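Have a look at work_7.txt; it's compact mmCIF, C-alpha atoms:
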# COMPACT_ATOMS: atom_id res chain seq x y z
CA MET A 219 20.01 0.25 -12.03
CA HIS A 220 18.18 -0.97 -8.96
CA ARG A 221 16.29 -4.24 -9.25
CA ILE A 222 12.72 -4.10 -7.99
CA VAL A 223 10.64 -7.26 -7.79
CA THR A 224 7.07 -7.11 -6.59
CA VAL A 225 4.37 -9.58 -5.66
CA ALA A 226 0.75 -9.17 -4.71
CA ALA A 227 -0.40 -7.16 -1.73
CA PHE A 228 -0.85 -8.63 1.77
CA ALA A 229 -3.33 -11.51 2.04
CA LEU A 230 -5.38 -10.22 4.97
CA ALA A 231 -8.77 -11.64 4.07
CA SER A 232 -9.56 -12.21 7.74
CA LEU A 233 -9.72 -8.46 8.35
CA VAL A 234 -13.13 -6.93 7.66
CA MET A 235 -12.26 -3.43 8.79
CA ALA A 236 -9.02 -1.59 8.27
CA SER A 237 -6.92 -1.88 11.42
CA PRO A 238 -4.02 0.57 11.56
CA ALA A 239 -2.25 -1.44 14.25
CA ALA A 240 -2.54 -4.65 12.22
CA ALA A 241 -1.25 -2.91 9.10
CA GLN A 242 1.82 -1.73 10.95
CA GLU A 243 2.43 -5.12 12.58
CA GLU A 244 2.25 -6.91 9.23
CA CYS A 245 4.93 -4.62 7.85
CA ARG A 246 7.12 -5.08 10.92
CA GLY A 247 6.62 -8.83 10.95
CA GLU A 248 8.01 -9.45 7.46
CA GLY A 249 11.67 -9.82 6.42
CA GLY A 250 13.93 -7.23 4.87
CA ASP A 251 14.17 -5.67 1.42
CA MET A 252 10.53 -4.61 1.59
CA VAL A 253 8.50 -1.45 1.01
CA CYS A 254 4.98 -1.64 2.36
CA GLY A 255 2.15 0.45 3.75
CA PHE A 256 -1.51 1.26 4.13
CA VAL A 257 -3.78 3.54 2.07
CA TRP A 258 -6.87 4.67 3.91
CA ASN A 259 -9.93 6.91 3.84
CA ASP A 260 -9.10 9.67 6.33
CA ALA A 261 -12.79 10.38 6.90
CA ASN A 262 -12.28 13.25 9.38
CA ALA A 263 -9.30 14.68 7.42
CA ASN A 264 -7.03 14.82 10.47
CA GLY A 265 -4.10 12.94 8.94
CA VAL A 266 -4.27 10.10 11.49
CA GLN A 267 -5.56 6.52 11.14
CA ASP A 268 -8.49 6.63 13.55
CA LEU A 269 -10.50 3.63 14.71
CA GLY A 270 -13.17 2.77 12.16
CA GLU A 271 -11.50 4.48 9.19
CA THR A 272 -11.34 1.97 6.37
CA GLY A 273 -8.61 1.08 3.91
CA LEU A 274 -8.90 2.01 0.24
CA ALA A 275 -8.91 -1.07 -1.96
CA ASN A 276 -7.66 -1.39 -5.52
CA GLU A 277 -5.60 1.81 -5.51
CA LEU A 278 -2.50 1.89 -7.70
CA VAL A 279 0.81 2.46 -5.87
CA THR A 280 3.96 3.25 -7.86
CA LEU A 281 7.58 2.64 -6.82
CA SER A 282 10.33 4.20 -8.94
CA ASP A 283 14.12 4.52 -8.71
CA GLY A 284 14.19 7.15 -11.46
CA THR A 285 14.93 4.55 -14.12
CA ASP A 286 12.63 1.62 -13.47
CA THR A 287 9.03 1.78 -12.29
CA VAL A 288 6.85 -0.98 -10.86
CA GLN A 289 3.28 -0.82 -9.59
CA VAL A 290 0.92 -2.80 -7.36
CA TYR A 291 -2.69 -2.34 -6.30
CA THR A 292 -3.75 -2.20 -2.68
CA ASP A 293 -5.61 -5.28 -1.52
CA SER A 294 -9.20 -5.35 -0.32
CA ASN A 295 -8.15 -3.86 3.04
CA GLY A 296 -5.92 -1.08 1.69
CA PHE A 297 -2.50 -2.72 2.19
CA PHE A 298 0.33 -2.93 -0.34
CA VAL A 299 3.83 -4.42 -0.44
CA PHE A 300 6.85 -4.47 -2.73
CA TYR A 301 9.31 -7.30 -2.00
CA ASP A 302 13.01 -7.68 -2.84
CA VAL A 303 13.72 -3.96 -3.09
CA THR A 304 17.50 -3.45 -3.18
CA GLY A 305 19.39 -0.51 -1.73
CA GLY A 306 19.08 2.87 -3.43
CA SER A 307 16.99 6.02 -3.78
CA TYR A 308 13.27 5.62 -4.46
CA THR A 309 10.01 7.49 -4.75
CA LEU A 310 6.71 5.93 -3.69
CA SER A 311 3.62 7.66 -5.07
CA ILE A 312 -0.14 7.59 -5.61
CA GLU A 313 -2.11 9.75 -8.05
CA THR A 314 -4.65 11.70 -6.02
CA SER A 315 -7.20 11.93 -8.83
CA ALA A 316 -7.25 8.13 -9.08
CA ILE A 317 -8.62 7.95 -5.52
CA GLY A 318 -11.73 9.89 -6.51
CA PRO A 319 -12.90 13.09 -8.18
CA THR A 320 -13.01 15.02 -4.88
CA ALA A 321 -10.02 13.36 -3.18
CA VAL A 322 -7.42 15.36 -1.27
CA ALA A 323 -4.19 14.02 0.23
CA SER A 324 -4.14 14.19 4.03
CA THR A 325 -1.78 16.42 6.00
CA THR A 326 1.51 14.68 6.79
CA ASP A 327 3.45 14.18 10.04
CA VAL A 328 0.53 14.78 12.40
CA GLY A 329 1.08 14.03 16.07
CA SER A 330 3.92 12.15 17.73
CA ASP A 331 3.15 8.60 16.51
CA ASP A 332 4.66 8.15 13.07
CA THR A 333 3.11 4.68 12.71
CA VAL A 334 -0.44 6.03 12.32
CA ASP A 335 -0.04 9.30 10.40
CA SER A 336 0.00 10.02 6.68
CA ASP A 337 3.42 10.12 5.02
CA GLY A 338 2.59 11.18 1.47
CA VAL A 339 3.51 14.76 0.53
CA SER A 340 1.13 16.29 -1.99
CA ASN A 341 2.14 18.43 -4.96
CA GLY A 342 -1.50 18.95 -5.92
CA THR A 343 -1.77 15.95 -8.22
CA THR A 344 0.35 13.24 -6.59
CA SER A 345 1.00 12.14 -3.01
CA SER A 346 4.55 10.81 -2.71
CA VAL A 347 7.47 9.94 -0.44
CA SER A 348 11.14 9.97 -1.47
CA PHE A 349 13.47 7.82 0.61
CA GLN A 350 16.78 6.00 0.78
CA MET A 351 16.68 2.20 1.01
CA VAL A 352 19.52 0.08 2.39
CA ASP A 353 20.10 -3.54 1.45
CA GLY A 354 18.27 -5.78 3.89
CA GLY A 355 16.23 -2.86 5.15
CA LYS A 356 12.51 -2.27 5.33
CA VAL A 357 10.34 0.85 5.11
CA ASP A 358 6.68 1.46 5.85
CA PHE A 359 4.78 4.45 4.44
CA ASP A 360 1.06 5.17 4.77
CA PHE A 361 -1.13 7.41 2.62
CA GLY A 362 -4.30 9.08 3.83
CA PHE A 363 -6.89 10.67 1.55
CA TYR A 364 -10.18 12.37 2.30
CA MET A 365 -13.04 13.52 0.10
CA GLN A 366 -13.75 17.22 0.02
CA GLN A 367 -17.01 17.99 1.76
CA GLY A 368 -19.24 20.39 -0.09
CA GLU A 369 -18.42 18.82 -3.43
CA ALA A 370 -20.95 16.05 -2.98
CA THR A 371 -24.56 16.77 -3.85
CA GLY A 372 -26.04 14.18 -1.50
CA THR A 373 -26.50 10.43 -1.50
CA GLY A 374 -27.92 8.43 -4.36
CA THR A 375 -29.92 5.22 -4.35
CA PRO A 376 -29.16 2.20 -6.55
CA GLY A 377 -31.65 3.68 -9.00
CA TYR A 378 -29.49 6.79 -9.32
CA TRP A 379 -26.19 4.95 -9.63
CA LYS A 380 -27.30 2.44 -12.24
CA ASN A 381 -28.33 5.34 -14.48
CA HIS A 382 -25.19 7.48 -14.03
CA PRO A 383 -22.21 5.38 -15.19
CA GLU A 384 -20.21 8.56 -15.83
CA ALA A 385 -20.02 9.16 -12.07
CA TRP A 386 -18.40 5.79 -11.31
CA PRO A 387 -14.72 4.93 -10.80
CA ASP A 388 -13.32 2.34 -13.20
CA LYS A 389 -13.50 -0.42 -10.59
CA ILE A 390 -15.13 -1.08 -7.24
CA THR A 391 -14.35 -3.84 -4.74
CA VAL A 392 -17.17 -5.66 -2.94
CA GLY A 393 -16.54 -8.57 -0.62
CA GLY A 394 -12.96 -8.86 -1.86
CA VAL A 395 -14.05 -9.14 -5.51
CA ASP A 396 -13.23 -6.45 -8.06
CA TYR A 397 -16.00 -5.35 -10.44
CA THR A 398 -15.73 -2.98 -13.35
CA SER A 399 -18.37 -0.27 -13.40
CA GLU A 400 -20.10 -2.13 -16.23
CA GLN A 401 -20.21 -5.37 -14.24
CA ALA A 402 -21.51 -3.65 -11.12
CA ILE A 403 -24.23 -1.80 -13.03
CA TYR A 404 -25.26 -5.10 -14.62
CA TRP A 405 -26.04 -6.45 -11.14
CA LEU A 406 -27.71 -3.25 -9.97
CA LYS A 407 -30.21 -3.79 -12.75
CA ARG A 408 -30.88 -7.37 -11.65
CA VAL A 409 -31.86 -7.08 -8.01
CA GLY A 410 -34.33 -9.84 -7.23
CA LYS A 411 -35.05 -12.70 -4.85
CA ASP A 412 -31.36 -13.51 -4.49
CA LYS A 413 -30.39 -11.47 -1.44
CA THR A 414 -26.78 -11.13 -2.50
CA THR A 415 -28.11 -8.82 -5.23
CA THR A 416 -30.02 -6.80 -2.62
CA MET A 417 -26.95 -6.39 -0.43
CA PHE A 418 -24.71 -5.73 -3.41
CA ALA A 419 -26.92 -2.88 -4.63
CA SER A 420 -27.15 -1.14 -1.26
CA LEU A 421 -23.46 -1.66 -0.45
CA VAL A 422 -22.15 -0.47 -3.82
CA SER A 423 -24.37 2.62 -3.64
CA ALA A 424 -23.16 3.43 -0.13
CA LYS A 425 -19.52 3.05 -1.18
CA LEU A 426 -20.05 5.35 -4.15
CA ASN A 427 -21.86 7.89 -1.99
CA VAL A 428 -18.88 7.96 0.37
CA LEU A 429 -16.44 8.18 -2.54
CA ILE A 430 -18.00 11.38 -3.88
CA GLY A 431 -17.57 13.08 -0.52
CA ASN A 432 -20.70 12.51 1.52
CA VAL A 433 -20.35 12.35 5.30
CA SER A 434 -20.09 8.68 6.27
CA SER A 435 -19.37 8.50 10.01
CA CYS A 436 -22.81 6.96 10.65
CA VAL A 437 -22.29 4.15 8.17
CA ASP A 438 -18.54 3.35 7.98
CA SER A 439 -18.78 0.38 10.34
CA THR A 440 -21.89 -0.92 8.55
CA ILE A 441 -20.11 -0.74 5.19
CA ALA A 442 -17.25 -2.81 6.63
CA LEU A 443 -19.66 -5.40 8.08
CA ALA A 444 -21.69 -5.57 4.85
CA ASP A 445 -18.45 -6.05 2.90
CA ALA A 446 -17.61 -8.95 5.21
CA TRP A 447 -21.11 -10.38 4.66
CA MET A 448 -20.58 -10.31 0.90
CA GLN A 449 -17.22 -12.00 1.36
CA ASN A 450 -18.81 -14.75 3.46
CA TYR A 451 -22.00 -15.33 1.43
CA GLY A 452 -21.17 -13.92 -1.99
CA PRO A 453 -20.13 -13.17 -4.57
CA VAL A 454 -23.19 -11.49 -6.00
CA GLY A 455 -25.41 -14.05 -7.70
CA SER A 456 -24.88 -16.78 -5.08
CA ASN A 457 -28.62 -17.28 -4.49
CA VAL A 458 -29.03 -16.45 -0.80
CA VAL A 459 -32.75 -16.68 -0.02
CA ALA A 460 -34.75 -14.37 2.22
CA SER A 461 -35.56 -17.16 4.70
CA SER A 462 -31.92 -18.11 5.26
CA PRO A 463 -29.88 -17.48 8.42
CA ALA A 464 -27.46 -15.58 6.19
CA TRP A 465 -30.12 -13.00 5.35
CA ALA A 466 -31.24 -12.79 8.98
CA GLU A 467 -27.69 -11.60 9.60
CA GLY A 468 -27.50 -9.40 6.52
CA GLU A 469 -30.89 -7.70 6.42
CA PRO A 470 -30.21 -5.22 9.27
CA LEU A 471 -27.02 -4.14 7.49
CA HIS A 472 -28.92 -3.67 4.23
CA THR A 473 -31.59 -1.62 6.04
CA THR A 474 -28.97 0.76 7.47
CA LEU A 475 -27.28 1.14 4.08
CA ASP A 476 -30.65 1.76 2.44
CA ASP A 477 -31.44 4.47 5.00
CA TYR A 478 -28.08 6.10 4.30
CA ASN A 479 -28.52 5.95 0.53
CA ASN A 480 -31.96 7.54 0.87
CA GLY A 481 -30.65 10.43 2.96
CA ARG A 482 -32.22 9.34 6.24
CA LEU A 483 -28.99 9.22 8.27
CA CYS A 484 -25.94 11.52 8.44
CA ALA A 485 -25.91 12.76 4.81
CA PRO A 486 -28.70 14.41 2.83
CA HIS A 487 -30.27 12.81 -0.21
CA ARG A 488 -29.59 14.19 -3.68
CA ASN A 489 -31.93 16.95 -4.79
Render the structure in this file as structure tokens.
Amino acid sequence: MHRIVTVAAFALASLVMASPAAAQEECRGEGGDMVCGFVWNDANANGVQDLGETGLANELVTLSDGTDTVQVYTDSNGFFVFYDVTGGSYTLSIETSAIGPTAVASTTDVGSDDTVDSDGVSNGTTSSVSFQMVDGGKVDFDFGFYMQQGEATGTGTPGYWKNHPEAWPDKITVGGVDYTSEQAIYWLKRVGKDKTTTMFASLVSAKLNVLIGNVSSCVDSTIALADAWMQNYGPVGSNVVASSPAWAEGEPLHTTLDDYNNGRLCAPHRN
């Protein structure tokens, strides 16, 4: 029986946007006996980690040797790591349906640079990699997923999302903080003078609109910057006032997210 010991995912709080190069360097910079990688939103479905494509937070990654199974969640930037993995045969996997209702695993082995492509092979329900580990060794596997276009019915505003809990994932990460759907909806219903509630509502709605498959190329960088704003000035409920320098920084981001959620940018609004 192979012993597998795992700890939390990479602590990369300084990153506000997924950086494929940084993800690879973190894996290469650690010691041996490690399985690590990056799970990302392959927005253009080309199987390659392109600049501006963001990591997928809070996704469950499973490592199994056929007898024992251990799991970790990706961190807020989409990175995961299993430490102290001894030599043997393993399978690393992610359930595609857990990524989102319209999620599809990206094509594998695209291009000549294996450090930025997707490694997970899909069987229709699971994206996985089987590999042989040697004692003292280290492996790095990345998983890309995209949302099927055509499945989405357009973007929704905070008003839509707070009234459709059935369309939510179980959890959503904002500013590095995990919220259950119930917790997030609680705050959507309490938008007021505190500008963290304003940003939270527009950011959560934009993230959900992307998750269900809406085109997001016009707003991906804004989502990353707004997420960083919430990390710096949040969490939600931190009483940021409209006259503050913080909101002078955040308001343009909120305006762009609001335009996206209302169908005024690259995706249509819901009918």
(request) Might you pull out every residue within 9 Å of Val352 of chain A, with only C-alpha atoms counted and same-chain residues fewer than 6 positions away left off, and present them as a list of chain:residue names? (result) A:Asp251, A:Val303, A:Thr304, A:Gly305, A:Gly306, A:Ser307
(message) Quick check, in Å to one decimal: how far apart do atom CA of Pro319 of chain A and atom CA of Pro376 of chain A lie?
(response) 19.6 Å
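Counting all atoms listed in the file, the residue from A:Thr416, A:Ser435, A:Gln401, A:Ser461 that sits nearest to Asp268 of chain A is A:Ser435.
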(message) Please list as a ChimeraX atom specification every residue within 10 Å of Asn450 of chain A, counting only C-alpha atoms and excluding residues in the same chain fewer than 3 positions away.
(response) /A:393-394,444-447,453,464
List every protein, DNA or RNA residue with an atom no more than 12 Å from (-6.7, 18.9, -4.1) in the file's coordinates, counting all atoms listed in the file, and format the result as an mmCIF file with C-alpha atoms, keeping the file's coordinate frame.
data_model
loop_
_atom_site.group_PDB
_atom_site.id
_atom_site.type_symbol
_atom_site.label_atom_id
_atom_site.label_comp_id
_atom_site.auth_asym_id
_atom_site.auth_seq_id
_atom_site.Cartn_x
_atom_site.Cartn_y
_atom_site.Cartn_z
ATOM 1 C CA GLU A 313 -2.110 9.750 -8.050
ATOM 2 C CA THR A 314 -4.650 11.700 -6.020
ATOM 3 C CA SER A 315 -7.200 11.930 -8.830
ATOM 4 C CA ALA A 316 -7.250 8.130 -9.080
ATOM 5 C CA ILE A 317 -8.620 7.950 -5.520
ATOM 6 C CA GLY A 318 -11.730 9.890 -6.510
ATOM 7 C CA PRO A 319 -12.900 13.090 -8.180
ATOM 8 C CA THR A 320 -13.010 15.020 -4.880
ATOM 9 C CA ALA A 321 -10.020 13.360 -3.180
ATOM 10 C CA VAL A 322 -7.420 15.360 -1.270
ATOM 11 C CA ALA A 323 -4.190 14.020 0.230
ATOM 12 C CA SER A 324 -4.140 14.190 4.030
ATOM 13 C CA THR A 325 -1.780 16.420 6.000
ATOM 14 C CA VAL A 339 3.510 14.760 0.530
ATOM 15 C CA SER A 340 1.130 16.290 -1.990
ATOM 16 C CA ASN A 341 2.140 18.430 -4.960
ATOM 17 C CA GLY A 342 -1.500 18.950 -5.920
ATOM 18 C CA THR A 343 -1.770 15.950 -8.220
ATOM 19 C CA THR A 344 0.350 13.240 -6.590
ATOM 20 C CA SER A 345 1.000 12.140 -3.010
ATOM 21 C CA PHE A 363 -6.890 10.670 1.550
ATOM 22 C CA TYR A 364 -10.180 12.370 2.300
ATOM 23 C CA MET A 365 -13.040 13.520 0.100
ATOM 24 C CA GLN A 366 -13.750 17.220 0.020
ATOM 25 C CA GLN A 367 -17.010 17.990 1.760
ATOM 26 C CA GLU A 369 -18.420 18.820 -3.430
#
(message) Considering only C-alpha atoms, can you say which of A:Ala424, A:Cys436, A:Ala442, A:Cys484 comes closest to Asn295 of chain A?
(response) A:Ala442
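Nearest to Val290 of chain A of all the residues A:Ile403, A:Val266, A:Val334, A:Val253 is A:Val253, based on all atoms listed in the file.
Of the residues under consideration (A:Asp260, A:Glu469, A:Asp293, A:Asp477), A:Asp260 shows the shortest atom-to-atom contact distance to Thr326 of chain A when counting only C-alpha atoms.
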Give me segment 307-325 of chain A with N, CA and C atoms filled in, as a compact mmCIF listing (two decimals), keeping the file's coordinate frame.
# COMPACT_ATOMS: atom_id res chain seq x y z
N SER A 307 17.92 4.90 -3.98
CA SER A 307 16.99 6.02 -3.78
C SER A 307 15.70 5.74 -4.54
N TYR A 308 14.56 5.95 -3.87
CA TYR A 308 13.27 5.62 -4.46
C TYR A 308 12.24 6.71 -4.17
N THR A 309 11.20 6.68 -5.00
CA THR A 309 10.01 7.49 -4.75
C THR A 309 8.79 6.58 -4.81
N LEU A 310 7.96 6.68 -3.79
CA LEU A 310 6.71 5.93 -3.69
C LEU A 310 5.58 6.92 -3.88
N SER A 311 4.62 6.64 -4.76
CA SER A 311 3.62 7.66 -5.07
C SER A 311 2.26 7.07 -5.43
N ILE A 312 1.23 7.92 -5.25
CA ILE A 312 -0.14 7.59 -5.61
C ILE A 312 -0.76 8.84 -6.26
N GLU A 313 -1.41 8.65 -7.39
CA GLU A 313 -2.11 9.75 -8.05
C GLU A 313 -3.39 10.08 -7.28
N THR A 314 -3.50 11.32 -6.84
CA THR A 314 -4.65 11.70 -6.02
C THR A 314 -5.96 11.58 -6.78
N SER A 315 -5.96 11.96 -8.05
CA SER A 315 -7.20 11.93 -8.83
C SER A 315 -7.72 10.51 -9.01
N ALA A 316 -6.83 9.52 -8.93
CA ALA A 316 -7.25 8.13 -9.08
C ALA A 316 -8.05 7.65 -7.86
N ILE A 317 -7.87 8.32 -6.72
CA ILE A 317 -8.62 7.95 -5.52
C ILE A 317 -10.09 8.31 -5.68
N GLY A 318 -10.36 9.44 -6.30
CA GLY A 318 -11.73 9.89 -6.51
C GLY A 318 -11.75 11.33 -6.99
N PRO A 319 -12.85 11.76 -7.58
CA PRO A 319 -12.90 13.09 -8.18
C PRO A 319 -12.79 14.22 -7.16
N THR A 320 -13.10 13.97 -5.89
CA THR A 320 -13.01 15.02 -4.88
C THR A 320 -11.92 14.73 -3.85
N ALA A 321 -11.03 13.80 -4.15
CA ALA A 321 -10.02 13.36 -3.18
C ALA A 321 -8.97 14.44 -2.93
N VAL A 322 -8.50 14.48 -1.69
CA VAL A 322 -7.42 15.36 -1.27
C VAL A 322 -6.47 14.55 -0.41
N ALA A 323 -5.17 14.71 -0.60
CA ALA A 323 -4.19 14.02 0.23
C ALA A 323 -4.19 14.60 1.63
N SER A 324 -4.11 13.75 2.64
CA SER A 324 -4.14 14.19 4.03
C SER A 324 -2.86 14.93 4.40
N THR A 325 -2.95 15.74 5.44
CA THR A 325 -1.78 16.42 6.00
C THR A 325 -0.80 15.38 6.52
